[in-house]
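Q: Structure file my_file35.txt (compact mmCIF, C-alpha atoms) right here:
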```txt
# COMPACT_ATOMS: atom_id res chain seq x y z
CA MET A 1 -137.66 44.23 5.70
CA GLU A 2 -138.27 43.45 9.37
CA PHE A 3 -135.80 46.17 10.34
CA LEU A 4 -137.64 48.68 8.19
CA GLU A 5 -140.95 47.72 9.77
CA VAL A 6 -139.56 48.02 13.31
CA ALA A 7 -137.92 51.36 12.45
CA THR A 8 -141.20 52.62 11.03
CA TRP A 9 -143.14 51.73 14.16
CA ILE A 10 -140.46 53.30 16.36
CA THR A 11 -140.76 56.51 14.34
CA ILE A 12 -144.56 56.52 14.58
CA SER A 13 -144.29 55.92 18.34
CA LYS A 14 -141.96 58.93 18.63
CA ILE A 15 -144.46 61.04 16.67
CA ILE A 16 -147.35 59.97 18.93
CA LEU A 17 -145.41 60.64 22.14
CA ILE A 18 -144.21 64.08 21.02
CA ASP A 19 -147.67 65.11 19.82
CA ILE A 20 -149.33 64.01 23.06
CA LEU A 21 -146.76 65.82 25.21
CA LEU A 22 -147.17 69.05 23.26
CA ALA A 23 -150.94 68.97 22.93
CA GLY A 24 -152.19 69.79 26.42
CA ASP A 25 -153.16 73.37 25.54
CA ASN A 26 -154.86 72.21 22.35
CA ALA A 27 -157.13 69.89 24.31
CA VAL A 28 -158.05 72.75 26.66
CA VAL A 29 -158.95 74.92 23.67
CA ILE A 30 -161.29 72.27 22.30
CA GLY A 31 -163.10 71.98 25.61
CA MET A 32 -163.43 75.75 26.06
CA ALA A 33 -164.64 76.38 22.52
CA ALA A 34 -167.51 73.91 22.87
CA GLY A 35 -168.30 74.82 26.49
CA LYS A 36 -171.47 76.85 25.86
CA LEU A 37 -173.09 74.39 23.46
CA ALA A 38 -175.91 72.07 24.39
CA PRO A 39 -174.63 68.59 25.31
CA GLU A 40 -175.96 67.05 22.09
CA LEU A 41 -174.03 69.62 20.02
CA GLN A 42 -170.78 69.49 21.97
CA LYS A 43 -169.90 66.06 20.56
CA LYS A 44 -170.50 67.27 16.99
CA ALA A 45 -168.39 70.37 17.58
CA VAL A 46 -165.51 68.30 18.98
CA ILE A 47 -165.65 65.74 16.16
CA TRP A 48 -165.84 68.23 13.27
CA GLY A 49 -163.45 70.62 14.94
CA THR A 50 -160.98 67.77 15.33
CA VAL A 51 -161.37 66.80 11.66
CA GLY A 52 -160.66 70.38 10.65
CA ALA A 53 -157.68 70.53 13.01
CA ILE A 54 -156.20 67.37 11.48
CA VAL A 55 -156.55 68.83 7.98
CA MET A 56 -154.84 72.07 9.02
CA ARG A 57 -152.00 70.20 10.69
CA LEU A 58 -151.47 68.08 7.59
CA VAL A 59 -151.32 71.24 5.46
CA PHE A 60 -148.69 72.72 7.80
CA ALA A 61 -146.75 69.45 7.82
CA THR A 62 -146.78 69.20 4.01
CA LEU A 63 -145.46 72.76 3.68
CA LEU A 64 -142.74 72.08 6.25
CA VAL A 65 -141.67 68.83 4.57
CA GLU A 66 -141.36 70.68 1.27
CA ALA A 67 -139.40 73.45 2.98
CA LEU A 68 -136.91 70.90 4.33
CA THR A 69 -135.83 70.12 0.78
CA LEU A 70 -135.87 73.66 -0.62
CA ILE A 71 -134.71 76.16 2.02
CA PRO A 72 -131.03 76.29 3.06
CA LEU A 73 -130.31 75.70 6.78
CA ILE A 74 -133.97 74.80 7.43
CA HIS A 75 -132.86 71.61 9.25
CA LEU A 76 -130.64 73.66 11.55
CA GLY A 77 -133.39 76.22 12.13
CA GLY A 78 -135.96 73.51 12.83
CA GLY A 79 -133.58 71.80 15.25
CA LEU A 80 -132.96 75.01 17.18
CA VAL A 81 -136.71 75.70 17.35
CA LEU A 82 -137.23 72.19 18.73
CA VAL A 83 -134.61 72.86 21.41
CA TRP A 84 -136.59 75.95 22.45
CA ILE A 85 -139.86 73.96 22.40
CA ALA A 86 -138.33 71.23 24.58
CA ILE A 87 -137.15 73.77 27.15
CA GLN A 88 -140.57 75.47 27.18
CA LEU A 89 -142.26 72.09 27.69
CA LEU A 90 -140.05 71.15 30.63
CA LYS A 91 -139.97 74.49 32.45
CA GLY A 92 -143.75 74.82 32.21
CA GLY A 93 -145.72 77.57 30.50
CA ASP A 94 -146.92 80.62 32.39
CA GLU A 95 -149.68 81.53 29.97
CA ASP A 96 -153.30 80.46 30.31
CA ALA A 97 -155.39 79.75 27.26
CA HIS A 98 -158.09 82.37 26.81
CA ILE A 99 -160.59 81.16 24.23
CA GLU A 100 -164.08 82.50 23.92
CA ALA A 101 -166.70 79.78 24.23
CA LYS A 102 -169.13 79.85 21.31
CA ASN A 103 -172.87 79.28 21.58
CA SER A 104 -173.33 78.14 17.96
CA LEU A 105 -172.16 74.86 16.42
CA MET A 106 -170.35 76.45 13.45
CA GLY A 107 -168.81 79.11 15.69
CA ALA A 108 -167.42 76.46 18.03
CA ILE A 109 -166.10 74.33 15.16
CA TRP A 110 -164.39 77.33 13.56
CA THR A 111 -162.88 78.40 16.90
CA ILE A 112 -161.49 74.90 17.47
CA ILE A 113 -159.92 74.77 14.00
CA VAL A 114 -158.37 78.25 14.10
CA ALA A 115 -157.15 78.04 17.70
CA ASP A 116 -155.69 74.57 17.20
CA ALA A 117 -153.94 75.74 14.02
CA MET A 118 -152.33 78.66 15.86
CA MET A 119 -151.27 76.47 18.78
CA SER A 120 -150.09 73.39 16.88
CA ILE A 121 -147.02 74.80 15.12
CA ASP A 122 -144.77 73.30 17.79
CA ASN A 123 -146.50 69.92 17.38
CA VAL A 124 -146.01 70.00 13.62
CA ILE A 125 -142.33 70.89 13.85
CA GLY A 126 -141.83 68.12 16.41
CA VAL A 127 -143.56 65.37 14.45
CA VAL A 128 -141.97 66.34 11.12
CA GLY A 129 -138.58 66.25 12.81
CA ALA A 130 -139.32 62.84 14.33
CA ALA A 131 -140.50 61.54 10.95
CA LYS A 132 -137.33 62.89 9.28
CA GLY A 133 -139.41 64.49 6.55
CA HIS A 134 -141.42 61.38 5.62
CA LEU A 135 -144.90 62.80 5.12
CA GLU A 136 -146.61 59.40 5.12
CA LEU A 137 -145.32 58.74 8.66
CA VAL A 138 -146.44 62.21 9.75
CA ILE A 139 -149.94 61.49 8.41
CA ALA A 140 -150.10 58.07 10.10
CA GLY A 141 -148.94 59.51 13.42
CA MET A 142 -151.38 62.43 13.34
CA LEU A 143 -154.37 60.28 12.38
CA ILE A 144 -153.64 58.09 15.40
CA THR A 145 -152.72 60.87 17.82
CA VAL A 146 -155.26 63.66 17.36
CA PRO A 147 -158.35 61.57 18.27
CA ILE A 148 -156.45 60.18 21.28
CA ILE A 149 -155.60 63.72 22.40
CA VAL A 150 -159.19 64.91 22.08
CA PHE A 151 -160.84 62.07 23.96
CA CYS A 152 -158.10 61.12 26.46
CA SER A 153 -156.48 64.48 27.26
CA THR A 154 -157.63 64.48 30.90
CA LEU A 155 -156.23 61.00 31.48
CA PHE A 156 -152.84 61.92 29.99
CA ALA A 157 -152.69 65.09 32.08
CA ARG A 158 -153.28 63.06 35.27
CA ILE A 159 -150.63 60.50 34.33
CA ILE A 160 -148.02 63.18 33.56
CA ASN A 161 -148.82 65.06 36.80
CA LYS A 162 -148.43 61.83 38.77
CA PHE A 163 -145.23 60.78 37.01
CA PRO A 164 -143.24 63.95 36.08
CA VAL A 165 -140.40 61.78 34.78
CA ILE A 166 -142.55 61.19 31.69
CA LEU A 167 -142.32 64.89 30.89
CA TRP A 168 -138.54 64.88 31.31
CA ALA A 169 -138.27 61.81 29.09
CA GLY A 170 -140.37 63.62 26.49
CA GLY A 171 -138.12 66.67 26.72
CA ALA A 172 -135.08 64.46 26.22
CA LEU A 173 -136.78 62.87 23.20
CA LEU A 174 -137.44 66.31 21.71
CA GLY A 175 -133.79 67.18 22.29
CA TRP A 176 -132.73 64.01 20.48
CA VAL A 177 -135.03 64.76 17.54
CA ALA A 178 -133.62 68.30 17.43
CA GLY A 179 -130.12 66.82 17.27
CA GLU A 180 -131.21 64.53 14.44
CA MET A 181 -132.50 67.51 12.47
CA ILE A 182 -129.30 69.50 13.07
CA VAL A 183 -126.93 66.73 11.92
CA GLU A 184 -128.99 66.26 8.74
CA ASP A 185 -128.53 69.86 7.63
CA PRO A 186 -126.56 69.73 4.33
CA PHE A 187 -124.59 72.85 5.28
CA LEU A 188 -123.31 71.28 8.53
CA VAL A 189 -122.67 67.72 7.29
CA PRO A 190 -119.05 68.39 6.14
CA TYR A 191 -118.17 69.88 9.54
CA ILE A 192 -119.75 67.29 11.84
CA GLN A 193 -119.26 64.11 9.84
CA GLY A 194 -118.44 61.29 12.24
CA GLU A 195 -119.61 63.32 15.25
CA GLU A 196 -123.36 62.91 14.75
CA LEU A 197 -123.91 60.95 17.96
CA LEU A 198 -121.99 63.54 19.97
CA VAL A 199 -124.20 66.32 18.56
CA LYS A 200 -127.41 64.42 19.37
CA VAL A 201 -126.34 63.57 22.93
CA GLY A 202 -125.03 67.10 23.39
CA THR A 203 -128.39 68.55 22.33
CA VAL A 204 -130.26 66.39 24.86
CA PHE A 205 -127.75 67.38 27.57
CA PHE A 206 -128.16 71.07 26.69
CA VAL A 207 -131.97 70.88 26.92
CA LEU A 208 -131.93 69.14 30.31
CA VAL A 209 -129.20 71.33 31.84
CA VAL A 210 -130.71 74.63 30.67
CA THR A 211 -134.15 73.60 31.93
CA GLY A 212 -132.70 72.54 35.28
CA MET A 213 -130.94 75.91 35.62
CA ILE A 214 -134.18 77.76 34.80
CA LYS A 215 -136.09 75.80 37.44
CA ILE A 216 -133.38 76.43 40.06
CA TRP A 217 -133.43 80.15 39.21
CA LYS A 218 -137.23 80.27 39.54
CA LYS A 219 -137.07 78.62 42.97
CA ARG A 220 -134.49 81.16 44.15
CA ASP A 221 -136.72 84.04 43.01
CA ALA A 222 -139.88 82.55 44.53
```
Starting from the file, give its structure as structure tokens.

A:
Amino acid sequence: MEFLEVATWITISKIILIDILLAGDNAVVIGMAAGKLAPELQKKAVIWGTVGAIVMRLVFATLLVEALTLIPLIHLGGGLVLVWIAIQLLKGGDEDAHIEAKNSLMGAIWTIIVADAMMSIDNVIGVVGAAKGHLELVIAGMLITVPIIVFCSTLFARIINKFPVILWAGGALLGWVAGEMIVEDPFLVPYIQGEELLVKVGTVFFVLVVTGMIKIWKKRDA
């Protein structure tokens, strides 16, 4: 029982870390959407927009968890998408978020919900992969993480900028979770049985090496 409890908390910790690392743009969106509101309305917009964002993420997560059991090769596909997400996280995005600030409370709330929904697909894939399809762990992780992201996003951004190794550790974690998803694909199990650890380590190695090569290439072109 103690092992199960420790394993559960480790999984929830992985969910929280992945969600925080992938949520920088989402926090920017929330701030921009409420930017034109009066100070007394900004707090309401952030709170209700966050509630709506949590609901939308849970809907996405539920659909993805169901898909994991119904669609062939979905584990493999999800793992490959996570590899791409990890590389994008580490190499740094080139796009800026362009969200129109709303001057009405309902407009700001709606903008927060819709924009967060569009930008949180990577978060959902990451946390569902970390939870290994256990929806209750996804829910627990999201309920803890989303409020933290909203109210502490600036602090996390400063910490990550000061200690870049955190970002690389997060990328490695995403690579590991991607490997876990890949080795759990029913289609691949007969071919990789007994080599699961090699696949997971290999996925992490691939993410870090490819990202390093991209960064070296960018420096040469700069």

Q: Given the choices A:Leu70, A:Ile15, A:Ile54, A:Val81, which gets closest to Gly175 of chain A if the distance is worked out from all atoms listed in the file?

A: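 Among the listed residues, A:Val81 lies closest to Gly175 of chain A.
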
Q: Please provide as a ChimeraX atom specification all residues within 9 Å of Ala131 of chain A, with the sequence filter that same-chain residues fewer than 6 positions apart are discarded (counting only C-alpha atoms).

A: /A:8,11-12,14-15,137-138

Q: Export, as a PDB file, keeping the file's coordinate frame, the selected residues with C-alpha atoms.

A:
```pdb
ATOM      1  CA  THR A   8    -141.200  52.620  11.030  1.00  0.00           C
ATOM      2  CA  THR A  11    -140.760  56.510  14.340  1.00  0.00           C
ATOM      3  CA  ILE A  12    -144.560  56.520  14.580  1.00  0.00           C
ATOM      4  CA  LYS A  14    -141.960  58.930  18.630  1.00  0.00           C
ATOM      5  CA  ILE A  15    -144.460  61.040  16.670  1.00  0.00           C
ATOM      6  CA  LEU A 137    -145.320  58.740   8.660  1.00  0.00           C
ATOM      7  CA  VAL A 138    -146.440  62.210   9.750  1.00  0.00           C
TER       8      VAL A 138
END
```

Q: Please identify all polymer residues within 8 Å of Lys44 of chain A, counting all atoms listed in the file, omitting same-chain residues fewer than 4 positions from it, and present them as a PyMOL selection string.

A: chain A and resi 40+48+105

Q: Looking at A:Thr211, A:Ile16, A:Arg57, A:Ile112, which one is nearest to Thr145 of chain A, with distances taken over all atoms listed in the file?

A: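 Distance minimum relative to Thr145 of chain A lands on A:Ile16.
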
Q: To one decimal place, how far is atom CA of Ile159 of chain A from atom CA of Leu174 of chain A in Å?

A: 19.2 Å
